[in-house]
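This report concerns only the one structure given below.
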Amino acid sequence: MGSPGRSALEARLPTIRAELGIDAVVANGENVADGVGITPRLADRLLAAGVDAITLGNHAFRRSEIAVYLESSERVVRPANTSTLTPGRGSTVVTAANGARLAVVNVLGSLFLHPATSMFEIVDELVEEATAATPLVVVDVHAEATSEKAALARWLDGRVTAVVGTHTHVQTSDARMLGKGTAFITDAGMTGPHESVIGVEADLAIRRMRTGMPVRFATAQGDVRIEGAVIDCDEVSGKATSIEAFRVFVS
Ligand SMILES: [Fe+2]
């Protein structure tokens, strides 16, 4: 979320990777450009900070300059169920630090987010393609409704390594292994300022909600945290063995 989130990752991610022995990092980057969207420059900065793949969401195309970048990027994906006329791809395969290949799939839930196609109509084919390339598959389900995320995770249990929810900016306390070897958390949370209304300066969010008038939002600054989930998995079977929610207090 905004420059506080990006700065926190740039400062801390190399150490976190080393301390926890992390082989691959997937980050949702759709709010990195002042809270809405992503630019090529900011995508490159996240990748340089130690992120291996970036997923997006309902704000994927808010910055027009990202369109050409998405067409050629092999490390930044937008939701697979946006219109077929949008630029970019909905899945990719990256190489982890230990040499394993990790497929990253990004889908958008329906409630409030209006994807061109239901994620349930396209996800089976995406997972089939991904598992043809590698047994390690992580799905970022970018969705408002906890029920949609849980239903997708249960539908994919045993077929993917992990289903990780994003979009609400609030980390859920339900990280768990499902019965057939898929790790799941409803929402990985927010890397950004928590002294806020989901990353936005509280006064501005409150004013817009109280008055119904347009208010230009600004990213908050206080109580910056890095949030996410750490997943252990078996690179031969593609099954996860554990998942833990992750939180670091930065400033
Ligand atoms: Fe979102």
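Chain lettering (A, B, ...) mirrors the order of the structure tokens, residue numbering begins at 1 for each chain separately, and ligand numbering begins at 1 in order of display.
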Counting only C-alpha atoms and all ligand atoms, which protein, DNA or RNA residues come within 9 Å of ligand 1, given as a list in words? Glu30, Asn31, Val36, Leu56, Gly57, Asn58, His59, Ala60, Leu108, Leu113, His142, Ala143, Glu144, Thr166, His167, Thr168 and His169 of chain A
Report the closest atom pair, with its distance in Å rounded to one decimal, for each residue of region 62-136 of chain A that has an atom no farther than 7 Å from region 15-25 of chain A; count only C-alpha atoms, sort by chain and then rising residue number, and write it as JSON lines.
```
{"residue": "A:Ala96", "atom": "CA", "partner": "A:Ala24", "partner_atom": "CA", "distance": 5.0}
{"residue": "A:Ala97", "atom": "CA", "partner": "A:Asp23", "partner_atom": "CA", "distance": 4.8}
{"residue": "A:Asn98", "atom": "CA", "partner": "A:Asp23", "partner_atom": "CA", "distance": 6.0}
```
Could those selected residues go to a file with N, CA, C and O atoms, as an mmCIF file, in the first residue's frame?
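Writing done, so here's part02.cif:
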```
data_model
loop_
_atom_site.group_PDB
_atom_site.id
_atom_site.type_symbol
_atom_site.label_atom_id
_atom_site.label_comp_id
_atom_site.auth_asym_id
_atom_site.auth_seq_id
_atom_site.Cartn_x
_atom_site.Cartn_y
_atom_site.Cartn_z
ATOM 1 N N ALA A 96 12.205 -20.042 -8.270
ATOM 2 C CA ALA A 96 12.517 -19.698 -6.881
ATOM 3 C C ALA A 96 14.022 -19.744 -6.655
ATOM 4 O O ALA A 96 14.782 -20.247 -7.489
ATOM 5 N N ALA A 97 14.431 -19.238 -5.481
ATOM 6 C CA ALA A 97 15.862 -19.174 -5.161
ATOM 7 C C ALA A 97 16.506 -20.558 -5.118
ATOM 8 O O ALA A 97 17.697 -20.712 -5.397
ATOM 9 N N ASN A 98 15.736 -21.579 -4.788
ATOM 10 C CA ASN A 98 16.297 -22.934 -4.729
ATOM 11 C C ASN A 98 16.199 -23.665 -6.069
ATOM 12 O O ASN A 98 16.463 -24.858 -6.151
#
```
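Each of A:Cys233, A:Val141, A:Val200, A:Val224 was compared to Pro4 (chain A) using only C-alpha atoms, and A:Val224 turns out to be the nearest.
Using only C-alpha atoms, the shortest contact distance between Val107 (chain A) and any of A:Tyr69, A:Phe217, A:Phe61, A:Phe120 is found at A:Phe120.
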If you run DSSP on the backbone here, which positions in region 4-240 of chain A get helix (DSSP H, G or I)? Please write them as a short mmCIF file (atom, residue, chain, number, x, y, z; two decimals) with C-alpha atoms, in the first residue's frame.
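New file result_27.cif:
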```
data_model
loop_
_atom_site.label_atom_id
_atom_site.label_comp_id
_atom_site.auth_asym_id
_atom_site.auth_seq_id
_atom_site.Cartn_x
_atom_site.Cartn_y
_atom_site.Cartn_z
CA PRO A 4 5.04 3.32 3.13
CA GLY A 5 4.39 -0.28 2.09
CA ARG A 6 6.96 -0.22 -0.66
CA SER A 7 9.62 1.38 1.54
CA ALA A 8 9.01 -1.19 4.27
CA LEU A 9 9.50 -4.03 1.81
CA GLU A 10 12.64 -2.48 0.35
CA ALA A 11 14.10 -2.04 3.83
CA ARG A 12 13.13 -5.38 5.35
CA LEU A 13 12.44 -8.01 2.70
CA PRO A 14 16.06 -9.09 2.10
CA THR A 15 16.52 -9.75 5.84
CA ILE A 16 13.15 -11.48 6.16
CA ARG A 17 13.98 -13.73 3.20
CA ALA A 18 17.32 -14.67 4.73
CA GLU A 19 16.06 -15.19 8.29
CA LEU A 20 13.10 -17.35 7.30
CA PRO A 40 6.28 0.07 -14.38
CA ARG A 41 8.81 1.90 -12.20
CA LEU A 42 7.15 0.74 -8.97
CA ALA A 43 6.77 -2.83 -10.25
CA ASP A 44 10.49 -2.87 -11.01
CA ARG A 45 11.28 -1.54 -7.54
CA LEU A 46 9.25 -4.30 -5.85
CA LEU A 47 10.95 -6.92 -8.01
CA ALA A 48 14.36 -5.44 -7.17
CA ILE A 66 1.22 -0.28 -16.94
CA ALA A 67 -0.60 -1.65 -20.01
CA VAL A 68 2.46 -2.03 -22.27
CA TYR A 69 4.52 -3.30 -19.35
CA LEU A 70 1.97 -6.03 -18.60
CA GLU A 71 2.08 -7.23 -22.21
CA SER A 72 5.75 -8.14 -21.92
CA MET A 119 -13.35 -17.04 -11.62
CA PHE A 120 -14.98 -20.45 -11.31
CA GLU A 121 -15.45 -20.60 -15.08
CA ILE A 122 -11.76 -20.18 -15.85
CA VAL A 123 -9.83 -21.45 -12.85
CA ASP A 124 -9.80 -25.17 -13.74
CA GLU A 125 -8.13 -24.54 -17.07
CA LEU A 126 -5.63 -22.15 -15.47
CA VAL A 127 -4.71 -24.72 -12.83
CA GLU A 128 -4.37 -27.45 -15.45
CA GLU A 129 -1.99 -25.29 -17.48
CA ALA A 130 -0.02 -24.35 -14.38
CA THR A 131 0.36 -27.90 -13.10
CA ALA A 132 1.53 -29.01 -16.54
CA ALA A 133 4.48 -26.67 -15.99
CA THR A 146 -14.76 -14.31 2.48
CA SER A 147 -17.22 -16.93 1.21
CA GLU A 148 -15.97 -16.69 -2.38
CA LYS A 149 -12.38 -17.13 -1.22
CA ALA A 150 -13.24 -20.12 0.98
CA ALA A 151 -15.28 -21.74 -1.78
CA LEU A 152 -12.45 -21.35 -4.30
CA ALA A 153 -9.92 -22.78 -1.84
CA ARG A 154 -12.13 -25.80 -1.14
CA TRP A 155 -12.74 -26.30 -4.87
CA LEU A 156 -8.98 -26.30 -5.52
CA ALA A 202 -8.65 8.07 8.25
CA ASP A 203 -9.91 11.69 8.17
CA LEU A 204 -10.30 11.56 4.40
CA ALA A 205 -12.06 8.20 4.34
CA ILE A 206 -14.41 9.31 7.12
CA ARG A 207 -15.19 12.60 5.36
CA ARG A 208 -16.11 10.80 2.14
CA MET A 209 -18.31 8.31 3.98
CA ARG A 210 -20.02 10.92 6.19
CA THR A 211 -20.76 13.40 3.43
#
```
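For Lys239 (chain A), the list of residues within 9 Å, based on only C-alpha atoms and with local chain neighbours fewer than 5 positions off taken out, reads Pro135, Leu136, Gly158, Arg159, Val160, Thr161, Ala162, Lys180, Gly181, Thr182, Ala183, Asp232, Cys233 and Asp234 of chain A.
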Please compute the CA of Gly109 (chain A)-CA of Asn81 (chain A) distance, one decimal, in Å. 9.0 Å
Between A:Ile243, A:Gly37, A:Met213, A:Gly99, which one has atoms that come closest to Arg176 (chain A), using only C-alpha atoms? A:Ile243
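The two atoms in question, CA of Val248 (chain A) and CA of Ser73 (chain A), are spaced 29.3 Å apart.
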Find the spatial neighbours of Val93 (chain A), counting only C-alpha atoms, within a cut-off of 10 Å - ignore same-chain residues fewer than 2 positions away - and output them as a ChimeraX atom specification. /A:52-53,74-75,91,95-96,101-105,130,133-134,136-137
Atoms kept (N, CA and C atoms) for selection, written as a short mmCIF file (atom, residue, chain, number, x, y, z; two decimals), in the first residue's frame:
```cif
data_model
loop_
_atom_site.label_atom_id
_atom_site.label_comp_id
_atom_site.auth_asym_id
_atom_site.auth_seq_id
_atom_site.Cartn_x
_atom_site.Cartn_y
_atom_site.Cartn_z
N ASP A 52 9.41 -11.98 -6.20
CA ASP A 52 9.62 -12.79 -7.41
C ASP A 52 8.48 -12.64 -8.41
N ALA A 53 7.28 -12.44 -7.91
CA ALA A 53 6.12 -12.26 -8.80
C ALA A 53 5.14 -11.31 -8.15
N GLU A 74 6.93 -11.04 -17.51
CA GLU A 74 6.74 -12.44 -17.15
C GLU A 74 6.64 -12.59 -15.63
N ARG A 75 6.69 -11.47 -14.90
CA ARG A 75 6.67 -11.55 -13.44
C ARG A 75 5.54 -10.75 -12.81
N SER A 91 -1.55 -15.60 -15.42
CA SER A 91 -0.71 -16.54 -14.68
C SER A 91 0.68 -16.54 -15.26
N THR A 95 11.03 -18.72 -11.25
CA THR A 95 11.99 -19.65 -10.65
C THR A 95 12.36 -19.16 -9.26
N ALA A 96 12.21 -20.04 -8.27
CA ALA A 96 12.52 -19.70 -6.88
C ALA A 96 14.02 -19.74 -6.65
N ARG A 101 10.37 -24.32 -9.67
CA ARG A 101 9.52 -23.44 -10.48
C ARG A 101 8.17 -23.29 -9.78
N LEU A 102 7.71 -22.05 -9.71
CA LEU A 102 6.47 -21.73 -9.01
C LEU A 102 5.51 -21.05 -9.97
N ALA A 103 4.34 -21.66 -10.14
CA ALA A 103 3.30 -21.02 -10.95
C ALA A 103 2.48 -20.09 -10.07
N VAL A 104 2.17 -18.93 -10.59
CA VAL A 104 1.38 -17.92 -9.86
C VAL A 104 0.15 -17.59 -10.70
N VAL A 105 -1.02 -17.79 -10.08
CA VAL A 105 -2.29 -17.55 -10.77
C VAL A 105 -3.04 -16.45 -10.00
N ALA A 130 -1.09 -24.60 -15.34
CA ALA A 130 -0.02 -24.35 -14.38
C ALA A 130 0.62 -25.65 -13.93
N ALA A 133 3.14 -27.27 -16.02
CA ALA A 133 4.48 -26.67 -15.99
C ALA A 133 5.24 -27.00 -14.72
N THR A 134 4.53 -27.09 -13.58
CA THR A 134 5.18 -27.31 -12.29
C THR A 134 4.13 -27.76 -11.27
N LEU A 136 4.13 -26.86 -8.21
CA LEU A 136 3.95 -25.78 -7.22
C LEU A 136 3.10 -24.67 -7.82
N VAL A 137 1.92 -24.49 -7.27
CA VAL A 137 0.99 -23.49 -7.80
C VAL A 137 0.39 -22.69 -6.65
#
```
Calculate how many Å separate CA of Phe184 (chain A) from CA of Val26 (chain A), rounding to one decimal.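 Separation of CA of Phe184 (chain A) and CA of Val26 (chain A): 14.6 Å.
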Write out as a list in words the residues lying within 10 Å of Asn28 (chain A), counting only C-alpha atoms and excluding same-chain residues fewer than 5 positions away.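 Returned residues: Met1, Val51, Ala53, Ile54, Thr55, Leu56, Gly57, Val76, Val77, Arg78, Asn106, Asp140, His142, Gly165, Thr166, His167, Ala188, Met190, Thr191 and Gly228 of chain A.
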With only C-alpha atoms as the counted atoms, please give the residues lying no more than 9 Å from Thr172 (chain A), apart from itself and same-chain residues fewer than 4 positions off, as a list in words.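 Listed by chain and then number, they are Ile185, Thr186, Asp187, Ala188, Gly189 and Ala245 of chain A.
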For the selection just defined, write its residues with C-alpha atoms to a file, as an mmCIF file, in the first residue's frame.
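Output below, filename result26.cif:
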```cif
data_model
loop_
_atom_site.group_PDB
_atom_site.id
_atom_site.type_symbol
_atom_site.label_atom_id
_atom_site.label_comp_id
_atom_site.auth_asym_id
_atom_site.auth_seq_id
_atom_site.Cartn_x
_atom_site.Cartn_y
_atom_site.Cartn_z
ATOM 1 C CA ILE A 185 -5.745 -17.982 4.257
ATOM 2 C CA THR A 186 -8.770 -15.787 3.548
ATOM 3 C CA ASP A 187 -6.721 -12.585 3.464
ATOM 4 C CA ALA A 188 -2.973 -12.087 3.717
ATOM 5 C CA GLY A 189 -3.449 -8.559 5.052
ATOM 6 C CA ALA A 245 0.114 -15.739 8.935
#
```
Need the shell around Thr219 (chain A): protein/DNA/RNA residues with any atom at most 7 Å away, counting only C-alpha atoms. Skip same-chain ones fewer than 4 positions apart. Format as a VMD selection string? chain A and resid 2 34 to 35 199 to 201
Considering only strand (DSSP E or B) as DSSP defines it on the backbone, what residues of region 6-141 of chain A qualify? List them as an NGL selection string. :A and (26-28 or 53-55 or 76 or 91-95 or 101-108 or 136-141)
